[in-house]
Amino acid sequence: MVESAGTTLQSGLFKQTATAGTDPETSTRYLAELAGITPGSHVLDAGCGVGGPAVTIVRAFPDVVIDGVTISEVQARMARRLVTEAGLANRIRVHLADFHRLPFRAELFDVVVYFEAIGHSWDRVALFRESARVLRPGGRLYVKDLFRWEGPLTDSQRRSMKSFDEVWAISSSPTLSETEQAIRIAGFCDVEAREHPYIDLRHFFESMVSRDAAGIRLNDFGEAFLRFYPNPPASFGDVKATR
Amino acid sequence: MSEGPEYFANIQEELVRRARGDLDFTLRLLHRESREDAIREVHPKLSGNQLSELHARLDDVANMSFQDALERFRDLNFGPFI
């Protein structure tokens, strides 16, 4: 997937209006605004993937510095290469670490973002407590993800969700309200959670195919993913909170 | 001919029905190298003209974004979450 998807591994790109087109960079700039990133912010990108969003954000916001954390050696290597090639090694640092146990001192960051990353957490209260530890008082937490629908699911929906979680190595996709609750328990205030109404999945689907003059073929990612496509009972949303 | 959405207007109904329930068949229709064999499985006796017209229609679908191409099939109850 890393080779197919380019510099972001996010599946759903947020857009500002129903009719707006978007691309990974435009979507990331919008996410950064939603997260409260401003010029000069020190940002933690928790679950930074291969570094595309970090590169986009520092290019868009003067004097922003980002520390990115990933637990994947492959992603860390690719992210460091991307950052170096972009000439941004002085503003983006990539760390190989578990985001439940961050290698940073307390109250270091102005903003912590999770872009489609919290599903990989085995303990979300512990995860957000760690976010709270490294955020300065008044700092902002921003979570963008795909959330399991609220309420009881049918057997078929439960099976779909289980397949989805297995394909993406997710321990258990949380609902929006479960996420909101975990953030409150971790000590955050001004918690705002919502489903996001405008999503674009074109980038995600396009990453599943190779094209030539004769048409479309599934690539390795498409082969791995689309055949197990479980149509999960889930929607994209975000949660904002203040330390 | 299919009575479905515009992109299927001149695509034989049996092809559309098969594509709706069979991802592999759908993918075979979206690439010219595999398309003709897929079509012949369902309609072995199409004329040259019919085949040319079918290629043009399926090229239109294959030239869309992959999401759009899948959505066209989703309109007929196949497709991903969106």
# chains A, B, ... in the order shown; residues from 1 in each chain; ligands from 1

call {"tool": "interface_residues", "arguments": {"of": "chain A", "to": "chain B", "cutoff": "6 Å", "atoms": "only C-alpha atoms", "output": "PDB file with N, CA and C atoms, in the first residue's frame"}}
result
ATOM      1  N   ARG A 202     -11.537   9.137  -3.598  1.00  0.00           N
ATOM      2  CA  ARG A 202     -10.957   8.864  -4.919  1.00  0.00           C
ATOM      3  C   ARG A 202      -9.491   8.486  -4.825  1.00  0.00           C
ATOM      4  N   PHE A 205      -9.155   4.843  -3.646  1.00  0.00           N
ATOM      5  CA  PHE A 205      -9.483   3.826  -4.653  1.00  0.00           C
ATOM      6  C   PHE A 205      -8.489   3.835  -5.813  1.00  0.00           C
ATOM      7  N   GLU A 206      -8.038   5.036  -6.180  1.00  0.00           N
ATOM      8  CA  GLU A 206      -7.090   5.106  -7.287  1.00  0.00           C
ATOM      9  C   GLU A 206      -5.781   4.414  -6.924  1.00  0.00           C
ATOM     10  N   ALA A 214      -5.028   0.680 -22.071  1.00  0.00           N
ATOM     11  CA  ALA A 214      -6.101  -0.298 -22.282  1.00  0.00           C
ATOM     12  C   ALA A 214      -7.058  -0.397 -21.107  1.00  0.00           C
ATOM     13  N   GLY A 215      -6.816   0.356 -20.046  1.00  0.00           N
ATOM     14  CA  GLY A 215      -7.788   0.324 -18.961  1.00  0.00           C
ATOM     15  C   GLY A 215      -7.168   0.212 -17.574  1.00  0.00           C
ATOM     16  N   ILE A 216      -7.925  -0.437 -16.687  1.00  0.00           N
ATOM     17  CA  ILE A 216      -7.609  -0.505 -15.258  1.00  0.00           C
ATOM     18  C   ILE A 216      -7.263  -1.936 -14.876  1.00  0.00           C
ATOM     19  N   ASN A 231     -17.378  -3.570   3.335  1.00  0.00           N
ATOM     20  CA  ASN A 231     -18.437  -2.574   3.462  1.00  0.00           C
ATOM     21  C   ASN A 231     -18.753  -2.289   4.935  1.00  0.00           C
TER      22      ASN A 231
END

call {"tool": "select_by_dssp", "arguments": {"residues": "stretch 93-227 of chain A", "states": "strand (DSSP E)", "output": "number ranges by chain"}}
result
A: 93-96, 109-115, 135-148, 189-195, 199-200, 209-212, 215-218

call {"tool": "write_last_selection", "arguments": {"atoms": "C-alpha atoms", "output": "PDB file, in the first residue's frame"}}
result
ATOM      1  CA  ARG A  93      11.822  14.897  12.758  1.00  0.00           C
ATOM      2  CA  VAL A  94      10.623  11.328  12.437  1.00  0.00           C
ATOM      3  CA  HIS A  95      10.776   9.025  15.467  1.00  0.00           C
ATOM      4  CA  LEU A  96      10.420   5.274  15.593  1.00  0.00           C
ATOM      5  CA  PHE A 109       3.702  20.488  21.978  1.00  0.00           C
ATOM      6  CA  ASP A 110       1.046  23.034  20.976  1.00  0.00           C
ATOM      7  CA  VAL A 111      -0.985  20.567  18.897  1.00  0.00           C
ATOM      8  CA  VAL A 112      -1.227  16.772  18.722  1.00  0.00           C
ATOM      9  CA  VAL A 113      -2.875  15.240  15.643  1.00  0.00           C
ATOM     10  CA  TYR A 114      -3.941  11.694  14.834  1.00  0.00           C
ATOM     11  CA  PHE A 115      -4.845  11.267  11.181  1.00  0.00           C
ATOM     12  CA  LEU A 135       0.680  18.934  25.273  1.00  0.00           C
ATOM     13  CA  ARG A 136       1.152  22.296  26.925  1.00  0.00           C
ATOM     14  CA  PRO A 137      -1.818  23.590  28.955  1.00  0.00           C
ATOM     15  CA  GLY A 138      -4.301  25.004  26.447  1.00  0.00           C
ATOM     16  CA  GLY A 139      -2.803  22.868  23.680  1.00  0.00           C
ATOM     17  CA  ARG A 140      -5.080  21.240  21.106  1.00  0.00           C
ATOM     18  CA  LEU A 141      -5.813  17.605  20.361  1.00  0.00           C
ATOM     19  CA  TYR A 142      -7.235  16.671  16.965  1.00  0.00           C
ATOM     20  CA  VAL A 143      -8.383  13.182  15.929  1.00  0.00           C
ATOM     21  CA  LYS A 144      -9.548  12.387  12.404  1.00  0.00           C
ATOM     22  CA  ASP A 145     -10.625   8.820  11.717  1.00  0.00           C
ATOM     23  CA  LEU A 146     -13.168   6.305  10.520  1.00  0.00           C
ATOM     24  CA  PHE A 147     -15.536   5.482  13.394  1.00  0.00           C
ATOM     25  CA  ARG A 148     -17.770   2.468  13.884  1.00  0.00           C
ATOM     26  CA  CYS A 189     -11.931  19.683  28.031  1.00  0.00           C
ATOM     27  CA  ASP A 190     -13.967  21.442  25.317  1.00  0.00           C
ATOM     28  CA  VAL A 191     -14.362  18.109  23.546  1.00  0.00           C
ATOM     29  CA  GLU A 192     -16.230  18.389  20.235  1.00  0.00           C
ATOM     30  CA  ALA A 193     -17.025  15.294  18.175  1.00  0.00           C
ATOM     31  CA  ARG A 194     -18.861  15.083  14.877  1.00  0.00           C
ATOM     32  CA  GLU A 195     -19.247  13.044  11.747  1.00  0.00           C
ATOM     33  CA  ILE A 199     -15.433  12.884   2.272  1.00  0.00           C
ATOM     34  CA  ASP A 200     -13.529  11.988  -0.873  1.00  0.00           C
ATOM     35  CA  VAL A 209      -5.207   0.225  -9.508  1.00  0.00           C
ATOM     36  CA  SER A 210      -2.614   0.576 -12.204  1.00  0.00           C
ATOM     37  CA  ARG A 211      -3.631   2.186 -15.440  1.00  0.00           C
ATOM     38  CA  ASP A 212      -2.462   1.948 -18.991  1.00  0.00           C
ATOM     39  CA  GLY A 215      -7.788   0.324 -18.961  1.00  0.00           C
ATOM     40  CA  ILE A 216      -7.609  -0.505 -15.258  1.00  0.00           C
ATOM     41  CA  ARG A 217      -5.936  -3.389 -13.445  1.00  0.00           C
ATOM     42  CA  LEU A 218      -5.841  -4.053  -9.717  1.00  0.00           C
TER      43      LEU A 218
END

call {"tool": "atom_distance", "arguments": {"atom1": "atom CA of A:Leu88", "atom2": "atom CA of A:Ile66"}}
result
10.1 Å

call {"tool": "residues_around", "arguments": {"residues": "A:Asp165", "least_positions_apart": "5", "cutoff": "10 Å", "atoms": "only C-alpha atoms", "output": "PyMOL selection string"}}
result
chain A and resi 119-120+159-160+170-173+230+232

call {"tool": "residues_around", "arguments": {"residues": "B:Arg40", "least_positions_apart": "4", "cutoff": "12 Å", "atoms": "only C-alpha atoms", "output": "number ranges by chain"}}
result
B: 12, 14-15, 25, 28-29, 34-36, 44-47, 50-51, 54

call {"tool": "residues_around", "arguments": {"residues": "stretch 26-35 of chain A", "least_positions_apart": "6", "cutoff": "6 Å", "atoms": "only C-alpha atoms", "output": "PyMOL selection string"}}
result
chain A and resi 13-14+53+142

call {"tool": "write_last_selection", "arguments": {"atoms": "N, CA and C atoms", "output": "PDB file, in the first residue's frame"}}
result
ATOM      1  N   LEU A  13     -10.365  11.501   2.399  1.00  0.00           N
ATOM      2  CA  LEU A  13      -9.901  12.885   2.428  1.00  0.00           C
ATOM      3  C   LEU A  13     -11.076  13.791   2.789  1.00  0.00           C
ATOM      4  N   PHE A  14     -10.871  14.666   3.776  1.00  0.00           N
ATOM      5  CA  PHE A  14     -11.913  15.630   4.153  1.00  0.00           C
ATOM      6  C   PHE A  14     -11.916  16.778   3.150  1.00  0.00           C
ATOM      7  N   PRO A  53       1.650  14.117   5.130  1.00  0.00           N
ATOM      8  CA  PRO A  53       0.936  15.209   5.798  1.00  0.00           C
ATOM      9  C   PRO A  53       1.879  16.190   6.501  1.00  0.00           C
ATOM     10  N   TYR A 142      -6.346  16.849  18.118  1.00  0.00           N
ATOM     11  CA  TYR A 142      -7.235  16.671  16.965  1.00  0.00           C
ATOM     12  C   TYR A 142      -7.137  15.228  16.472  1.00  0.00           C
TER      13      TYR A 142
END

call {"tool": "select_by_dssp", "arguments": {"residues": "stretch 8-192 of chain A", "states": "alpha helix (DSSP H)", "output": "PyMOL selection string"}}
result
chain A and resi 24-35+52-60+73-85+124-134+155-167+176-185

call {"tool": "decode", "arguments": {"residues": "stretch 21-71 of chain B", "atoms": "N, CA and C atoms", "output": "PDB file, in the first residue's frame"}}
result
ATOM      1  N   GLY B  21     -22.417  -8.891  -9.612  1.00  0.00           N
ATOM      2  CA  GLY B  21     -22.177  -9.861  -8.545  1.00  0.00           C
ATOM      3  C   GLY B  21     -20.796 -10.485  -8.565  1.00  0.00           C
ATOM      4  N   ASP B  22     -19.908 -10.020  -9.442  1.00  0.00           N
ATOM      5  CA  ASP B  22     -18.636 -10.718  -9.618  1.00  0.00           C
ATOM      6  C   ASP B  22     -17.537  -9.695  -9.855  1.00  0.00           C
ATOM      7  N   LEU B  23     -16.781  -9.401  -8.788  1.00  0.00           N
ATOM      8  CA  LEU B  23     -15.739  -8.385  -8.890  1.00  0.00           C
ATOM      9  C   LEU B  23     -14.718  -8.737  -9.966  1.00  0.00           C
ATOM     10  N   ASP B  24     -14.310  -9.999 -10.028  1.00  0.00           N
ATOM     11  CA  ASP B  24     -13.315 -10.389 -11.032  1.00  0.00           C
ATOM     12  C   ASP B  24     -13.819 -10.116 -12.440  1.00  0.00           C
ATOM     13  N   PHE B  25     -15.083 -10.416 -12.663  1.00  0.00           N
ATOM     14  CA  PHE B  25     -15.650 -10.170 -13.992  1.00  0.00           C
ATOM     15  C   PHE B  25     -15.659  -8.667 -14.286  1.00  0.00           C
ATOM     16  N   THR B  26     -16.036  -7.876 -13.294  1.00  0.00           N
ATOM     17  CA  THR B  26     -16.023  -6.422 -13.456  1.00  0.00           C
ATOM     18  C   THR B  26     -14.638  -5.951 -13.874  1.00  0.00           C
ATOM     19  N   LEU B  27     -13.624  -6.447 -13.164  1.00  0.00           N
ATOM     20  CA  LEU B  27     -12.255  -6.017 -13.452  1.00  0.00           C
ATOM     21  C   LEU B  27     -11.825  -6.465 -14.844  1.00  0.00           C
ATOM     22  N   ARG B  28     -12.268  -7.635 -15.246  1.00  0.00           N
ATOM     23  CA  ARG B  28     -11.924  -8.098 -16.605  1.00  0.00           C
ATOM     24  C   ARG B  28     -12.544  -7.177 -17.654  1.00  0.00           C
ATOM     25  N   LEU B  29     -13.722  -6.660 -17.368  1.00  0.00           N
ATOM     26  CA  LEU B  29     -14.371  -5.747 -18.321  1.00  0.00           C
ATOM     27  C   LEU B  29     -13.665  -4.385 -18.388  1.00  0.00           C
ATOM     28  N   LEU B  30     -12.929  -4.060 -17.329  1.00  0.00           N
ATOM     29  CA  LEU B  30     -12.308  -2.736 -17.273  1.00  0.00           C
ATOM     30  C   LEU B  30     -10.946  -2.690 -17.955  1.00  0.00           C
ATOM     31  N   HIS B  31     -10.494  -3.812 -18.506  1.00  0.00           N
ATOM     32  CA  HIS B  31      -9.219  -3.815 -19.223  1.00  0.00           C
ATOM     33  C   HIS B  31      -9.377  -4.527 -20.556  1.00  0.00           C
ATOM     34  N   ARG B  32      -8.868  -3.893 -21.618  1.00  0.00           N
ATOM     35  CA  ARG B  32      -9.108  -4.439 -22.961  1.00  0.00           C
ATOM     36  C   ARG B  32      -8.478  -5.813 -23.179  1.00  0.00           C
ATOM     37  N   GLU B  33      -7.364  -6.069 -22.503  1.00  0.00           N
ATOM     38  CA  GLU B  33      -6.700  -7.364 -22.725  1.00  0.00           C
ATOM     39  C   GLU B  33      -7.565  -8.540 -22.270  1.00  0.00           C
ATOM     40  N   SER B  34      -8.334  -8.317 -21.218  1.00  0.00           N
ATOM     41  CA  SER B  34      -9.148  -9.406 -20.669  1.00  0.00           C
ATOM     42  C   SER B  34     -10.617  -9.281 -21.063  1.00  0.00           C
ATOM     43  N   ARG B  35     -10.960  -8.137 -21.638  1.00  0.00           N
ATOM     44  CA  ARG B  35     -12.373  -7.819 -21.844  1.00  0.00           C
ATOM     45  C   ARG B  35     -13.060  -8.755 -22.842  1.00  0.00           C
ATOM     46  N   GLU B  36     -12.371  -8.991 -23.940  1.00  0.00           N
ATOM     47  CA  GLU B  36     -13.060  -9.717 -25.003  1.00  0.00           C
ATOM     48  C   GLU B  36     -13.423 -11.145 -24.572  1.00  0.00           C
ATOM     49  N   ASP B  37     -12.502 -11.792 -23.870  1.00  0.00           N
ATOM     50  CA  ASP B  37     -12.809 -13.140 -23.372  1.00  0.00           C
ATOM     51  C   ASP B  37     -13.986 -13.102 -22.408  1.00  0.00           C
ATOM     52  N   ALA B  38     -14.006 -12.074 -21.567  1.00  0.00           N
ATOM     53  CA  ALA B  38     -15.113 -11.955 -20.600  1.00  0.00           C
ATOM     54  C   ALA B  38     -16.439 -11.782 -21.330  1.00  0.00           C
ATOM     55  N   ILE B  39     -16.427 -10.927 -22.332  1.00  0.00           N
ATOM     56  CA  ILE B  39     -17.669 -10.693 -23.084  1.00  0.00           C
ATOM     57  C   ILE B  39     -18.121 -11.977 -23.786  1.00  0.00           C
ATOM     58  N   ARG B  40     -17.145 -12.672 -24.386  1.00  0.00           N
ATOM     59  CA  ARG B  40     -17.486 -13.890 -25.147  1.00  0.00           C
ATOM     60  C   ARG B  40     -18.059 -14.990 -24.246  1.00  0.00           C
ATOM     61  N   GLU B  41     -17.645 -14.970 -22.983  1.00  0.00           N
ATOM     62  CA  GLU B  41     -18.213 -15.961 -22.051  1.00  0.00           C
ATOM     63  C   GLU B  41     -19.720 -15.811 -21.937  1.00  0.00           C
ATOM     64  N   VAL B  42     -20.159 -14.556 -22.017  1.00  0.00           N
ATOM     65  CA  VAL B  42     -21.582 -14.282 -21.824  1.00  0.00           C
ATOM     66  C   VAL B  42     -22.314 -14.182 -23.159  1.00  0.00           C
ATOM     67  N   HIS B  43     -21.670 -13.541 -24.117  1.00  0.00           N
ATOM     68  CA  HIS B  43     -22.295 -13.337 -25.430  1.00  0.00           C
ATOM     69  C   HIS B  43     -21.340 -13.781 -26.535  1.00  0.00           C
ATOM     70  N   PRO B  44     -21.321 -15.070 -26.838  1.00  0.00           N
ATOM     71  CA  PRO B  44     -20.345 -15.577 -27.811  1.00  0.00           C
ATOM     72  C   PRO B  44     -20.619 -15.148 -29.254  1.00  0.00           C
ATOM     73  N   LYS B  45     -21.796 -14.626 -29.527  1.00  0.00           N
ATOM     74  CA  LYS B  45     -22.131 -14.378 -30.934  1.00  0.00           C
ATOM     75  C   LYS B  45     -22.342 -12.908 -31.278  1.00  0.00           C
ATOM     76  N   LEU B  46     -21.717 -12.003 -30.531  1.00  0.00           N
ATOM     77  CA  LEU B  46     -21.879 -10.583 -30.853  1.00  0.00           C
ATOM     78  C   LEU B  46     -21.215 -10.278 -32.195  1.00  0.00           C
ATOM     79  N   SER B  47     -21.808  -9.372 -32.960  1.00  0.00           N
ATOM     80  CA  SER B  47     -21.217  -8.966 -34.236  1.00  0.00           C
ATOM     81  C   SER B  47     -20.038  -8.028 -33.981  1.00  0.00           C
ATOM     82  N   GLY B  48     -19.251  -7.799 -35.005  1.00  0.00           N
ATOM     83  CA  GLY B  48     -18.122  -6.876 -34.898  1.00  0.00           C
ATOM     84  C   GLY B  48     -18.574  -5.492 -34.479  1.00  0.00           C
ATOM     85  N   ASN B  49     -19.657  -5.039 -35.069  1.00  0.00           N
ATOM     86  CA  ASN B  49     -20.165  -3.700 -34.725  1.00  0.00           C
ATOM     87  C   ASN B  49     -20.615  -3.629 -33.276  1.00  0.00           C
ATOM     88  N   GLN B  50     -21.331  -4.667 -32.850  1.00  0.00           N
ATOM     89  CA  GLN B  50     -21.791  -4.687 -31.448  1.00  0.00           C
ATOM     90  C   GLN B  50     -20.607  -4.684 -30.487  1.00  0.00           C
ATOM     91  N   LEU B  51     -19.579  -5.450 -30.863  1.00  0.00           N
ATOM     92  CA  LEU B  51     -18.388  -5.530 -30.018  1.00  0.00           C
ATOM     93  C   LEU B  51     -17.676  -4.176 -29.951  1.00  0.00           C
ATOM     94  N   SER B  52     -17.590  -3.502 -31.082  1.00  0.00           N
ATOM     95  CA  SER B  52     -16.943  -2.184 -31.095  1.00  0.00           C
ATOM     96  C   SER B  52     -17.693  -1.205 -30.211  1.00  0.00           C
ATOM     97  N   GLU B  53     -19.013  -1.243 -30.312  1.00  0.00           N
ATOM     98  CA  GLU B  53     -19.823  -0.327 -29.503  1.00  0.00           C
ATOM     99  C   GLU B  53     -19.645  -0.626 -28.009  1.00  0.00           C
ATOM    100  N   LEU B  54     -19.597  -1.910 -27.711  1.00  0.00           N
ATOM    101  CA  LEU B  54     -19.419  -2.331 -26.318  1.00  0.00           C
ATOM    102  C   LEU B  54     -18.054  -1.884 -25.785  1.00  0.00           C
ATOM    103  N   HIS B  55     -17.024  -2.040 -26.605  1.00  0.00           N
ATOM    104  CA  HIS B  55     -15.692  -1.580 -26.196  1.00  0.00           C
ATOM    105  C   HIS B  55     -15.721  -0.087 -25.875  1.00  0.00           C
ATOM    106  N   ALA B  56     -16.379   0.679 -26.713  1.00  0.00           N
ATOM    107  CA  ALA B  56     -16.413   2.132 -26.491  1.00  0.00           C
ATOM    108  C   ALA B  56     -17.090   2.457 -25.168  1.00  0.00           C
ATOM    109  N   ARG B  57     -18.195   1.775 -24.887  1.00  0.00           N
ATOM    110  CA  ARG B  57     -18.911   2.020 -23.622  1.00  0.00           C
ATOM    111  C   ARG B  57     -18.062   1.633 -22.412  1.00  0.00           C
ATOM    112  N   LEU B  58     -17.438   0.484 -22.516  1.00  0.00           N
ATOM    113  CA  LEU B  58     -16.639   0.015 -21.380  1.00  0.00           C
ATOM    114  C   LEU B  58     -15.353   0.829 -21.229  1.00  0.00           C
ATOM    115  N   ASP B  59     -14.825   1.344 -22.343  1.00  0.00           N
ATOM    116  CA  ASP B  59     -13.678   2.261 -22.246  1.00  0.00           C
ATOM    117  C   ASP B  59     -14.073   3.508 -21.461  1.00  0.00           C
ATOM    118  N   ASP B  60     -15.292   3.991 -21.699  1.00  0.00           N
ATOM    119  CA  ASP B  60     -15.765   5.170 -20.950  1.00  0.00           C
ATOM    120  C   ASP B  60     -15.739   4.902 -19.448  1.00  0.00           C
ATOM    121  N   VAL B  61     -16.196   3.723 -19.062  1.00  0.00           N
ATOM    122  CA  VAL B  61     -16.218   3.380 -17.630  1.00  0.00           C
ATOM    123  C   VAL B  61     -14.781   3.223 -17.111  1.00  0.00           C
ATOM    124  N   ALA B  62     -13.936   2.552 -17.904  1.00  0.00           N
ATOM    125  CA  ALA B  62     -12.553   2.312 -17.459  1.00  0.00           C
ATOM    126  C   ALA B  62     -11.747   3.597 -17.365  1.00  0.00           C
ATOM    127  N   ASN B  63     -12.171   4.626 -18.103  1.00  0.00           N
ATOM    128  CA  ASN B  63     -11.445   5.896 -18.061  1.00  0.00           C
ATOM    129  C   ASN B  63     -11.880   6.796 -16.907  1.00  0.00           C
ATOM    130  N   MET B  64     -12.930   6.408 -16.207  1.00  0.00           N
ATOM    131  CA  MET B  64     -13.337   7.174 -15.027  1.00  0.00           C
ATOM    132  C   MET B  64     -12.327   6.929 -13.910  1.00  0.00           C
ATOM    133  N   SER B  65     -12.484   7.687 -12.814  1.00  0.00           N
ATOM    134  CA  SER B  65     -11.725   7.313 -11.619  1.00  0.00           C
ATOM    135  C   SER B  65     -12.204   5.918 -11.220  1.00  0.00           C
ATOM    136  N   PHE B  66     -11.348   5.195 -10.531  1.00  0.00           N
ATOM    137  CA  PHE B  66     -11.724   3.828 -10.144  1.00  0.00           C
ATOM    138  C   PHE B  66     -12.936   3.855  -9.216  1.00  0.00           C
ATOM    139  N   GLN B  67     -12.981   4.870  -8.351  1.00  0.00           N
ATOM    140  CA  GLN B  67     -14.144   4.994  -7.467  1.00  0.00           C
ATOM    141  C   GLN B  67     -15.417   5.182  -8.290  1.00  0.00           C
ATOM    142  N   ASP B  68     -15.332   6.060  -9.298  1.00  0.00           N
ATOM    143  CA  ASP B  68     -16.512   6.277 -10.140  1.00  0.00           C
ATOM    144  C   ASP B  68     -16.914   4.999 -10.867  1.00  0.00           C
ATOM    145  N   ALA B  69     -15.895   4.293 -11.367  1.00  0.00           N
ATOM    146  CA  ALA B  69     -16.200   3.050 -12.073  1.00  0.00           C
ATOM    147  C   ALA B  69     -16.928   2.074 -11.151  1.00  0.00           C
ATOM    148  N   LEU B  70     -16.430   1.967  -9.911  1.00  0.00           N
ATOM    149  CA  LEU B  70     -17.099   1.074  -8.958  1.00  0.00           C
ATOM    150  C   LEU B  70     -18.489   1.583  -8.601  1.00  0.00           C
ATOM    151  N   GLU B  71     -18.600   2.917  -8.493  1.00  0.00           N
ATOM    152  CA  GLU B  71     -19.918   3.484  -8.171  1.00  0.00           C
ATOM    153  C   GLU B  71     -20.937   3.149  -9.247  1.00  0.00           C
TER     154      GLU B  71
END
